[in-house]
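Some notes on the structure that comes next.
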Amino acid sequence: MIEELLFAVAGAGAAVAVYTSAAARVVKQYERGLVFRFGRLREGIRGPGFTMVVPAVDRLRKVNMQIVTMPVPAQEGITRDNVTVRVDAVVYFRVVDPAEAIVRVEDYRFAVSQMAQTSLRSIIGKSDLDDLLSNREKLNQGLELMLDSPAIGWGVQIDRVEIKDVSLPETMKRSMARQAEADRERRARVINADAELQASKKLAQAAAVMSEQPAALQLRLLQTVMAVSAEKNSTLVLPIPVELLRFLERATPGGGADPAGPAPRPTPVPPPPSLPPDAPASADPVDAGEAVEDLTGPSVEPAPREDTA
C-alpha cells in the first residue's frame with residue numbers, strides 16, 4: 001500500500017514537472033509577451049520574467065521592444081531640378097504597442113522598410129539638389145513625418161530618420177568642382193580688389209602727410225635703402241627724387257632761365273652774290289668791289305631826315 005502511494009506521488013510529481021516544463025515561459029527584460037488561446041489574443045501583456053501558459057492551448061508570442069536600426073537601400077531618383085541621384089538612409093524605430101504590431105500588420109519590419117523606401121523616393125522628387133546636399137536636417141524631419149503617420153496605426157514609433165549618403169554622377173561632380181573653383185577665384189579677386197582699395201587709401205593719406213613734410217620722404221627713402229641693403233644684394237637701385245633734380249638744375253650756373261626773357265637771335269648775314277662764270281678772277285679788293293657795284297648798281301646813301309618844327 002505504501003509502495004503504491006509512493007508510486008502515485010512520484011507519478012504526480014513527474015506529471016507536475018512535465019506540465020510545468022511545458023507551461024513555463026521566460027520573457028526577457030526587453031521583450032513583452034502576447035498569449036494566443038486557440039488563435040484568440042488574450043487580454044493583458046506578459047511582462048518580463050517567469051510566466052505560465054496552458055500547454056497545447058496557449059501560444060506565447062514575444063515582441064522585441066528595443067530600438068531597431070534599419071538601413072534603407074539606396075534609391076535612385078530625379079530631383080526637382082532634373083538631376084539623377086542615388087540616396088540611401090537609415091531608420092530608427094521601436095514598438096510601443098505589441099498587440100497592434102502583431103495583430104494589425106503581418107510583418108511590421110518589412111512594412112516599415114517598404115514605407116521608408118517609398119517615402120525616400122518621394123522626398124527625392126520634391127527636393128532640389130542643393131537641399132539634398134546642404135539642408136539634410138529639414139529633409140530628415142520630412143521623412144520622419146511621412147513614416148510616422150502610417151506607423152502609428154501599426155504600434156510602431158519612428159524615432160529618427162537620417163540620410164546617409166547622396167551619390168552624384170561623375171559629370172555632375174566635375175561641374176560642381178568647376179563651379180566651386182570659379183566661386184573661390186571670384187572671392188579671391190574681390191578680396192584682392194578690396195585690399196588694393198584699402199592700400200590706395202592708406203597711400204593717399206601717407207602722400208598727404210609727406211607733402212606737408214618733405215623730409216619725411218627722404219627718411220622713407222633712407223629706410224627703403226637700408227631694407228634693401230640688409231638683404232646683401234649685389235645690385236642696389238637708388239631712386240633719385242624729382243625734387244632733387246630740380247634743385248640741382250636751379251643750383252647750376254646758367255642752367256636756370258633768364259628772368260629778363262630770352263636773348264635775341266642774331267640776324268643772319270646774306271652771302272655775297274656769286275660772279276658769272278666768265279668773269280675774270282681778281283685778287284684786288286677794289287676791283288672786286290667795283291665789279292660788285294657794276295652788277296648791283298651804285299649804292300644810294302639815305303637822305304638825312306629833317307626834324308619838323
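Following the order of the C-alpha cells, first chain is A, next is B, and so on, with residues numbered from 1 inside each chain and ligands from 1 in the order they appear.
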
As a VMD selection string, please: all residues of region 102-192 of chain A that backbone DSSP puts in alpha helix (DSSP H).
chain A and resid 102 to 103 108 to 126 129 to 134 136 to 151 170 to 192

Expressed in Å to a single decimal, how great is the separation between CA of Ser113 (chain A) and CA of Pro71 (chain A)?
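According to the coordinates, CA of Ser113 (chain A) and CA of Pro71 (chain A) are separated by 8.2 Å.
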
CA of Phe50 (chain A) and CA of Ala10 (chain A), how far apart in Å?
25.2 Å

I'd like the neighbourhood of region 124-131 of chain A as an MDAnalysis selection string, where a residue qualifies if any of its atoms comes within 12 Å (using only C-alpha atoms), though same-chain residues fewer than 2 positions away should be ignored.
chainID A and resid 74:89 117:122 133:140 142:143 163 166:168 172:173 176

Saved selection, atoms kept: C-alpha atoms, as a JSON list (two decimals), in the first residue's frame:
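Result written to selection23.json:
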```
[["chain", "number", "residue", "atom", "x", "y", "z"],
["A", 74, "ALA", "CA", 19.87, 53.20, -51.97],
["A", 75, "GLN", "CA", 17.08, 54.68, -54.06],
["A", 76, "GLU", "CA", 17.71, 56.29, -57.43],
["A", 77, "GLY", "CA", 15.53, 59.20, -58.42],
["A", 78, "ILE", "CA", 15.37, 62.54, -60.23],
["A", 79, "THR", "CA", 15.33, 65.71, -58.19],
["A", 80, "ARG", "CA", 13.09, 68.68, -58.84],
["A", 81, "ASP", "CA", 15.87, 70.38, -60.83],
["A", 82, "ASN", "CA", 16.29, 67.27, -63.06],
["A", 83, "VAL", "CA", 19.44, 65.75, -61.54],
["A", 84, "THR", "CA", 19.74, 61.96, -61.18],
["A", 85, "VAL", "CA", 20.94, 60.95, -57.70],
["A", 86, "ARG", "CA", 21.17, 57.86, -55.51],
["A", 87, "VAL", "CA", 20.24, 58.35, -51.87],
["A", 88, "ASP", "CA", 20.36, 55.87, -49.01],
["A", 89, "ALA", "CA", 19.15, 56.38, -45.44],
["A", 117, "GLN", "CA", 11.87, 53.29, -49.46],
["A", 118, "THR", "CA", 8.75, 54.84, -51.00],
["A", 119, "SER", "CA", 8.98, 57.90, -48.76],
["A", 120, "LEU", "CA", 12.64, 58.35, -49.68],
["A", 121, "ARG", "CA", 11.80, 58.27, -53.38],
["A", 122, "SER", "CA", 9.04, 60.78, -52.82],
["A", 133, "LEU", "CA", 23.47, 68.30, -50.11],
["A", 134, "SER", "CA", 23.18, 71.11, -47.57],
["A", 135, "ASN", "CA", 19.72, 71.08, -45.95],
["A", 136, "ARG", "CA", 19.53, 67.46, -44.80],
["A", 137, "GLU", "CA", 18.07, 68.23, -41.39],
["A", 138, "LYS", "CA", 14.88, 69.54, -42.96],
["A", 139, "LEU", "CA", 14.65, 66.51, -45.25],
["A", 140, "ASN", "CA", 15.17, 64.18, -42.28],
["A", 142, "GLY", "CA", 10.09, 65.47, -43.58],
["A", 143, "LEU", "CA", 10.95, 61.79, -43.91],
["A", 163, "ILE", "CA", 20.01, 60.41, -44.92],
["A", 166, "VAL", "CA", 23.94, 61.19, -51.77],
["A", 167, "SER", "CA", 25.69, 59.77, -54.85],
["A", 168, "LEU", "CA", 26.02, 62.03, -57.90],
["A", 172, "MET", "CA", 27.78, 66.46, -62.13],
["A", 173, "LYS", "CA", 30.71, 66.13, -59.73],
["A", 176, "MET", "CA", 30.22, 71.23, -59.23]]
```

Excluding Leu147 (chain A) and its own-chain neighbours fewer than 6 positions away, which residues fall within 7 Å of it when counting only C-alpha atoms? Please give them as a ChimeraX atom specification.
/A:115-116,158

Non-local contacts of region 35-48 of chain A (8 Å; only C-alpha atoms; under 4 positions in same chain excluded) as a PyMOL selection string
chain A and resi 26-31+53+57-61

Export of prior selection with N, CA and C atoms as a short mmCIF file (atom, residue, chain, number, x, y, z; two decimals), in the first residue's frame:
```cif
data_model
loop_
_atom_site.label_atom_id
_atom_site.label_comp_id
_atom_site.auth_asym_id
_atom_site.auth_seq_id
_atom_site.Cartn_x
_atom_site.Cartn_y
_atom_site.Cartn_z
N VAL A 26 9.79 32.14 -20.19
CA VAL A 26 10.61 33.23 -19.65
C VAL A 26 10.62 34.37 -20.66
N VAL A 27 10.20 35.53 -20.21
CA VAL A 27 10.19 36.73 -21.05
C VAL A 27 11.35 37.62 -20.59
N LYS A 28 12.20 38.03 -21.54
CA LYS A 28 13.36 38.83 -21.20
C LYS A 28 12.96 40.27 -20.91
N GLN A 29 13.91 41.02 -20.39
CA GLN A 29 13.63 42.38 -19.95
C GLN A 29 13.21 43.28 -21.10
N TYR A 30 13.80 43.10 -22.26
CA TYR A 30 13.49 43.97 -23.40
C TYR A 30 12.37 43.41 -24.27
N GLU A 31 11.65 42.40 -23.77
CA GLU A 31 10.56 41.78 -24.54
C GLU A 31 9.25 41.92 -23.79
N VAL A 53 1.81 29.38 -19.25
CA VAL A 53 0.75 29.26 -20.25
C VAL A 53 0.21 27.84 -20.21
N VAL A 57 -2.64 24.64 -25.63
CA VAL A 57 -3.81 25.52 -25.75
C VAL A 57 -3.37 26.96 -26.04
N ASP A 58 -2.41 27.42 -25.25
CA ASP A 58 -1.93 28.78 -25.41
C ASP A 58 -0.62 28.78 -26.19
N ARG A 59 -0.44 29.89 -26.89
CA ARG A 59 0.82 30.10 -27.61
C ARG A 59 1.33 31.50 -27.27
N LEU A 60 2.57 31.55 -26.80
CA LEU A 60 3.16 32.83 -26.38
C LEU A 60 3.98 33.42 -27.53
N ARG A 61 3.68 34.68 -27.86
CA ARG A 61 4.40 35.40 -28.92
C ARG A 61 5.18 36.55 -28.26
#
```
